[in-house]
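A.B. asks: Input: one structure, supplied below.
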Amino acid sequence: MTDKFQSDSPHAFPGEVHPTPGGGVLVSKLDDVINWARSNSLWPLVFGTSCCAIEMMSTASAKYDWSRFGFEVARATPRQADVIIIAGTIVNKMGPVLKRLYDQMADPKYVIAMGACATSGGPFFYNTYSVVKGADHIIPVDVYVAGCPPRPEALINALMLLQQKIKKGLTREQIREESKIVPIDIGNQKAS
Amino acid sequence: MSKDELKIKLAELIPSATFDESGEWLNINITPPDFMSSIEILRNKVELNFDYLFCQTCIDWKTHLMMVYHLESTAYRHQLVIKIQLDRNKPEIETVSHIWRTAEFHEREVYEMFGVNFLNHPDLRLLILPDGWEGRNPLRKDFEDPVNMIKL
Amino acid sequence: MYRETEILKQPGVGDPDVFGDMVINIGPQHPSTHGVLHLVITLNGETIKKVEPHLGYIHRSIEKMCESLSFRQFIYVTSKMDYLSSHINNHGCCLCVEKGMQIEVPPRAQVIRVLMDELTRLASHQLWWGAGAMDIGALTPFFYAFREREMINDIMEETCGTRLTMNYMVPGGVMTDVHPNFQKRVHQFIDHFKKKIDEYDELLTGNVIFQHRMKGVGYLSKEDAISYGCTGPTARGSGVNCDIRKLFPYEVYNKLQFDEIIETGCDCFARYLVRMKEMRESLSIVEQLIDNIPEGDIQAKTKAVLKLPKGEYYSRVETARGEFGVYIVSEGGTTPYRIKFRSPGYSNLSALDHMARGGKIGDLVAIMAMIDLVIPDIDR
């Protein structure tokens, strides 16, 4: 898996053979354009449960603006959002709500776990009866951000990392798509 | 009124109460049968006028439960701490939510965390814990949850 | 777990009740900034008949967790409860531990603590202003508020190390001394903010649309405010004297000149005015203290492992939302036997039903914005 991180040019030259998950195939320019477009226009879902939500709001405001990266419109409804940034602790009562929001999002969707609480339960790991020890017990996560709360620059770093992952085709979404086994049509013989 | 004046006044109004002056505020222990009448006196008597209940909670001493009410008067600025001892196996006490409306939420929380049944409460059900936690009282000392609680 | 839309009563044909009754949900995930609050409202048309808050979506079992933490450790969990006034929460816990151990805090530490408290109060009110206006529909104040808040965050970061949950106070004083640039930066901030707060007033307070949305909405009388246990600007907007800094002064508050702001309007606009004036008062407290920090120790000498003597201790401080109480029951060991945090939002929220009945959904949003809810404070 290490040669993927050594590509010098971020965009594949048409006709060049690149090893991608699923076998060595010709990367078409169209896939590349789609990945580039998707990564530069990710709309986050407004989902902040506790303290990390304030740092997310700081990232959205004028000093550490995240709309320079394409995250301009923060949507309130999951149906119109691309990325869910889990900012805050997830507790047992909130788990089904998070799962429901994730299911309501349309493909392709990405997840960023922001802060120590969403990564692993954080300061509330020991001796609590109600905290889910990490949001990835509930939904699959693409990028983890460390910190309690992480600085706005750390969150922007995570967003940029997500953008790079999408451009290279390495998010869970895309790997899942690539490695999907296409069922062979055996032809339904009608009983005559 | 100062702590001593309060003690003298309350000793004559509520004869069955015992006092404890070791803390910052006057602590009064009331027996459960006298509870409602004492509360009415504390709220309605003009010199006492305890109209602000600022904290209501419960403590689990392993042999019994103890309800603690912190009262204050906004007019005279004196404070009082009421303590009532409850039986651990069947903890029951009347509600005070018709006198101080803040008790509605506080009593719901004590109900779910300790299992104390408040008689005549308008709406006694779980507030903070998810559904399915009736009967399990997390803040009791004998609460065990091997699935969720990771002990250090 | 939570009901979907439920029709309680069908609208009648030719019948005075044109709309019927319906139950709908707001939240737990919703585009406002309080946190995860789930409200189940019963509506008749657009008029609210009953509001029922469902809490617990951020219940992190802090009180149970504190029973296994030492007396030095549990203080820092409270800065995650009401994260917008994290210094003030830590201060309340430290006061309680100091009361139990009879520790005397040196004067320099007292002044630094009060300075940090008032800066935190300013930052919290700025966020309230920006986020509250955003809830109502005015999007510009959000950016203005964060511009000033970032200045305070930078000051805090230089001295305390982090921007949001600053775990800076210890029982006996503060953790480290203030940064050498602290006074200069605070002076710069004071000069900058004095002009900006007039700009805030110009932007929002006199705006006709804003006033129409706030005046007459969310009426809470003085007796109801006391009975529901409301404190802070929610109660001071209804005429209740409840500022702990004036009634039971702690640290150096008894030596400072500041007013307790009381308004008698009893509606949302009165609460708004209370907070705007409180920002000015906090600024004047910072101005009085910043040049007069006494020299000396920043921390009293205490043992590394603290053991509170057997007994019960209660301390109260005034956070940006109201009165925060810490009740420690100790059995003489190194960990507390029982801790109860009396959070201001819990009682303020219980008055929401009373205030919102008879209004419309837009009024409900305005009331929630003006009570200044922070849900992790309520759920603990």
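Convention: chains lettered A, B, ... in structure tokens order; per-chain residue numbering from 1; ligands numbered from 1 as shown.
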Quick one: residues within 8 Å of stretch 242-248 of chain C, only C-alpha atoms counted, chain neighbours fewer than 2 positions away excluded, as a list in words?
C.D. replies: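 The residues that qualify are Thr231, Gly232, Ala235, Arg236, Val240, Tyr250, Tyr253, Asn254, Glu260, Arg316, Val317, Glu318, Gly322 and Glu323 of chain C.
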A.B. asks: Residues as selected, N, CA and C atoms, written as a short mmCIF file (atom, residue, chain, number, x, y, z; two decimals), in the first residue's frame, can you do that?
C.D. replies:
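What ended up in selection.cif:
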```cif
data_model
loop_
_atom_site.label_atom_id
_atom_site.label_comp_id
_atom_site.auth_asym_id
_atom_site.auth_seq_id
_atom_site.Cartn_x
_atom_site.Cartn_y
_atom_site.Cartn_z
N THR C 231 -31.90 31.43 37.69
CA THR C 231 -30.89 32.37 38.19
C THR C 231 -30.22 33.00 36.99
N GLY C 232 -29.33 33.93 37.27
CA GLY C 232 -28.60 34.52 36.18
C GLY C 232 -29.44 35.52 35.40
N ALA C 235 -33.32 35.28 35.32
CA ALA C 235 -34.10 35.77 36.44
C ALA C 235 -33.91 37.27 36.62
N ARG C 236 -32.70 37.78 36.31
CA ARG C 236 -32.49 39.21 36.51
C ARG C 236 -33.30 40.02 35.52
N VAL C 240 -35.39 39.75 39.66
CA VAL C 240 -34.95 39.03 40.85
C VAL C 240 -33.49 39.39 41.13
N TYR C 250 -17.16 36.45 46.87
CA TYR C 250 -16.04 35.56 47.08
C TYR C 250 -14.83 36.20 46.41
N TYR C 253 -14.39 40.23 44.93
CA TYR C 253 -15.55 40.94 44.42
C TYR C 253 -16.07 42.00 45.37
N ASN C 254 -15.85 41.85 46.67
CA ASN C 254 -16.38 42.86 47.58
C ASN C 254 -15.59 44.16 47.51
N GLU C 260 -25.14 45.52 39.82
CA GLU C 260 -25.90 44.33 39.45
C GLU C 260 -27.02 44.81 38.54
N ARG C 316 -20.84 28.33 45.90
CA ARG C 316 -21.65 28.89 44.82
C ARG C 316 -20.84 29.95 44.11
N VAL C 317 -20.93 29.92 42.79
CA VAL C 317 -20.31 30.99 42.00
C VAL C 317 -21.31 31.43 40.95
N GLU C 318 -21.03 32.58 40.35
CA GLU C 318 -21.93 33.12 39.35
C GLU C 318 -21.29 32.90 37.98
N GLY C 322 -25.84 31.70 35.30
CA GLY C 322 -26.56 31.70 36.55
C GLY C 322 -25.70 31.16 37.66
N GLU C 323 -26.37 30.63 38.69
CA GLU C 323 -25.66 30.19 39.87
C GLU C 323 -25.23 28.74 39.71
#
```
A.B. asks: For chain C, which residues have at least one atom within 7 Å of chain B, if we go by only C-alpha atoms? Write them as an mmCIF file with N, CA and C atoms, in the first residue's frame, please.
C.D. replies:
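So the final result, stored in result-v6.cif, reads:
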```cif
data_model
loop_
_atom_site.group_PDB
_atom_site.id
_atom_site.type_symbol
_atom_site.label_atom_id
_atom_site.label_comp_id
_atom_site.auth_asym_id
_atom_site.auth_seq_id
_atom_site.Cartn_x
_atom_site.Cartn_y
_atom_site.Cartn_z
ATOM 1 N N MET C 1 -38.260 5.343 21.020
ATOM 2 C CA MET C 1 -37.341 6.293 21.626
ATOM 3 C C MET C 1 -37.881 7.707 21.541
ATOM 4 N N HIS C 54 -36.808 16.621 26.304
ATOM 5 C CA HIS C 54 -36.256 15.300 26.573
ATOM 6 C C HIS C 54 -34.748 15.456 26.641
ATOM 7 N N LEU C 55 -34.191 15.166 27.783
ATOM 8 C CA LEU C 55 -32.764 15.394 27.977
ATOM 9 C C LEU C 55 -32.014 14.073 27.900
ATOM 10 N N GLY C 56 -30.753 14.130 28.117
ATOM 11 C CA GLY C 56 -29.988 12.893 28.252
ATOM 12 C C GLY C 56 -29.191 12.514 27.036
ATOM 13 N N HIS C 59 -25.585 12.878 28.262
ATOM 14 C CA HIS C 59 -25.398 12.559 29.669
ATOM 15 C C HIS C 59 -24.159 11.705 29.800
ATOM 16 N N LYS C 64 -21.128 10.159 38.607
ATOM 17 C CA LYS C 64 -20.649 8.832 38.981
ATOM 18 C C LYS C 64 -19.152 8.730 38.761
ATOM 19 N N ILE C 226 -38.533 32.758 40.718
ATOM 20 C CA ILE C 226 -37.946 32.226 41.952
ATOM 21 C C ILE C 226 -38.426 30.798 42.183
ATOM 22 N N SER C 227 -39.684 30.547 41.891
ATOM 23 C CA SER C 227 -40.211 29.213 42.138
ATOM 24 C C SER C 227 -39.574 28.171 41.228
ATOM 25 N N TYR C 228 -39.307 28.555 39.958
ATOM 26 C CA TYR C 228 -38.655 27.627 39.048
ATOM 27 C C TYR C 228 -37.158 27.537 39.295
ATOM 28 N N GLY C 229 -36.640 28.350 40.228
ATOM 29 C CA GLY C 229 -35.215 28.276 40.532
ATOM 30 C C GLY C 229 -34.339 28.904 39.471
ATOM 31 N N GLU C 312 -19.751 17.934 54.805
ATOM 32 C CA GLU C 312 -20.412 18.355 53.578
ATOM 33 C C GLU C 312 -20.075 19.808 53.304
ATOM 34 N N ARG C 338 -19.756 11.694 47.401
ATOM 35 C CA ARG C 338 -20.834 12.057 46.489
ATOM 36 C C ARG C 338 -20.613 13.490 46.087
ATOM 37 N N ARG C 342 -24.938 21.613 40.919
ATOM 38 C CA ARG C 342 -26.201 22.276 40.697
ATOM 39 C C ARG C 342 -25.980 23.191 39.508
ATOM 40 N N SER C 347 -32.353 24.423 35.930
ATOM 41 C CA SER C 347 -33.540 25.102 36.427
ATOM 42 C C SER C 347 -34.071 26.100 35.406
ATOM 43 N N SER C 350 -36.332 24.325 33.023
ATOM 44 C CA SER C 350 -37.629 23.860 33.498
ATOM 45 C C SER C 350 -38.682 24.944 33.367
ATOM 46 N N ASP C 379 -27.316 18.192 31.204
ATOM 47 C CA ASP C 379 -27.287 16.740 31.318
ATOM 48 C C ASP C 379 -26.168 16.237 32.201
#
```
A.B. asks: Find the spatial neighbours of stretch 46-54 of chain A, counting only C-alpha atoms, within a cut-off of 8 Å - ignore same-chain residues fewer than 5 positions away - and output them as a list in words.
C.D. replies: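 Contacts, in chain order: Ala74, Arg75, Ala76, Thr77, Ile84, Ile85, Ile86, Ala87, Gly88, Thr89, Ile90, Met114, Gly115, Cys148, Pro149 and Pro150 of chain A; Gln29, His30, Pro31, Thr33, Gly35, Val36, Ile58, Lys80, Tyr83, Leu164, Ile375 and Pro376 of chain C.
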A.B. asks: Would you mind reading off the distance between atom CA of C:Gln126 and atom CA of C:Val365, one decimal, in Å?
C.D. replies: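 Answer for the atom CA of C:Gln126 to atom CA of C:Val365 separation: 18.5 Å.
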A.B. asks: Enumerate the residues of stretch 21-112 of chain B with a DSSP assignment of strand (DSSP E or B), computed from the backbone, and present them as a VMD selection string.
C.D. replies: chain B and resid 26 to 30 52 to 61 64 to 72 79 to 87 92 to 94
A.B. asks: Please identify the alpha helix (DSSP H) residues within chain B (assignment by DSSP from backbone atoms) and present them as a ChimeraX atom specification.
C.D. replies: /B:3-13,35-44,103-114
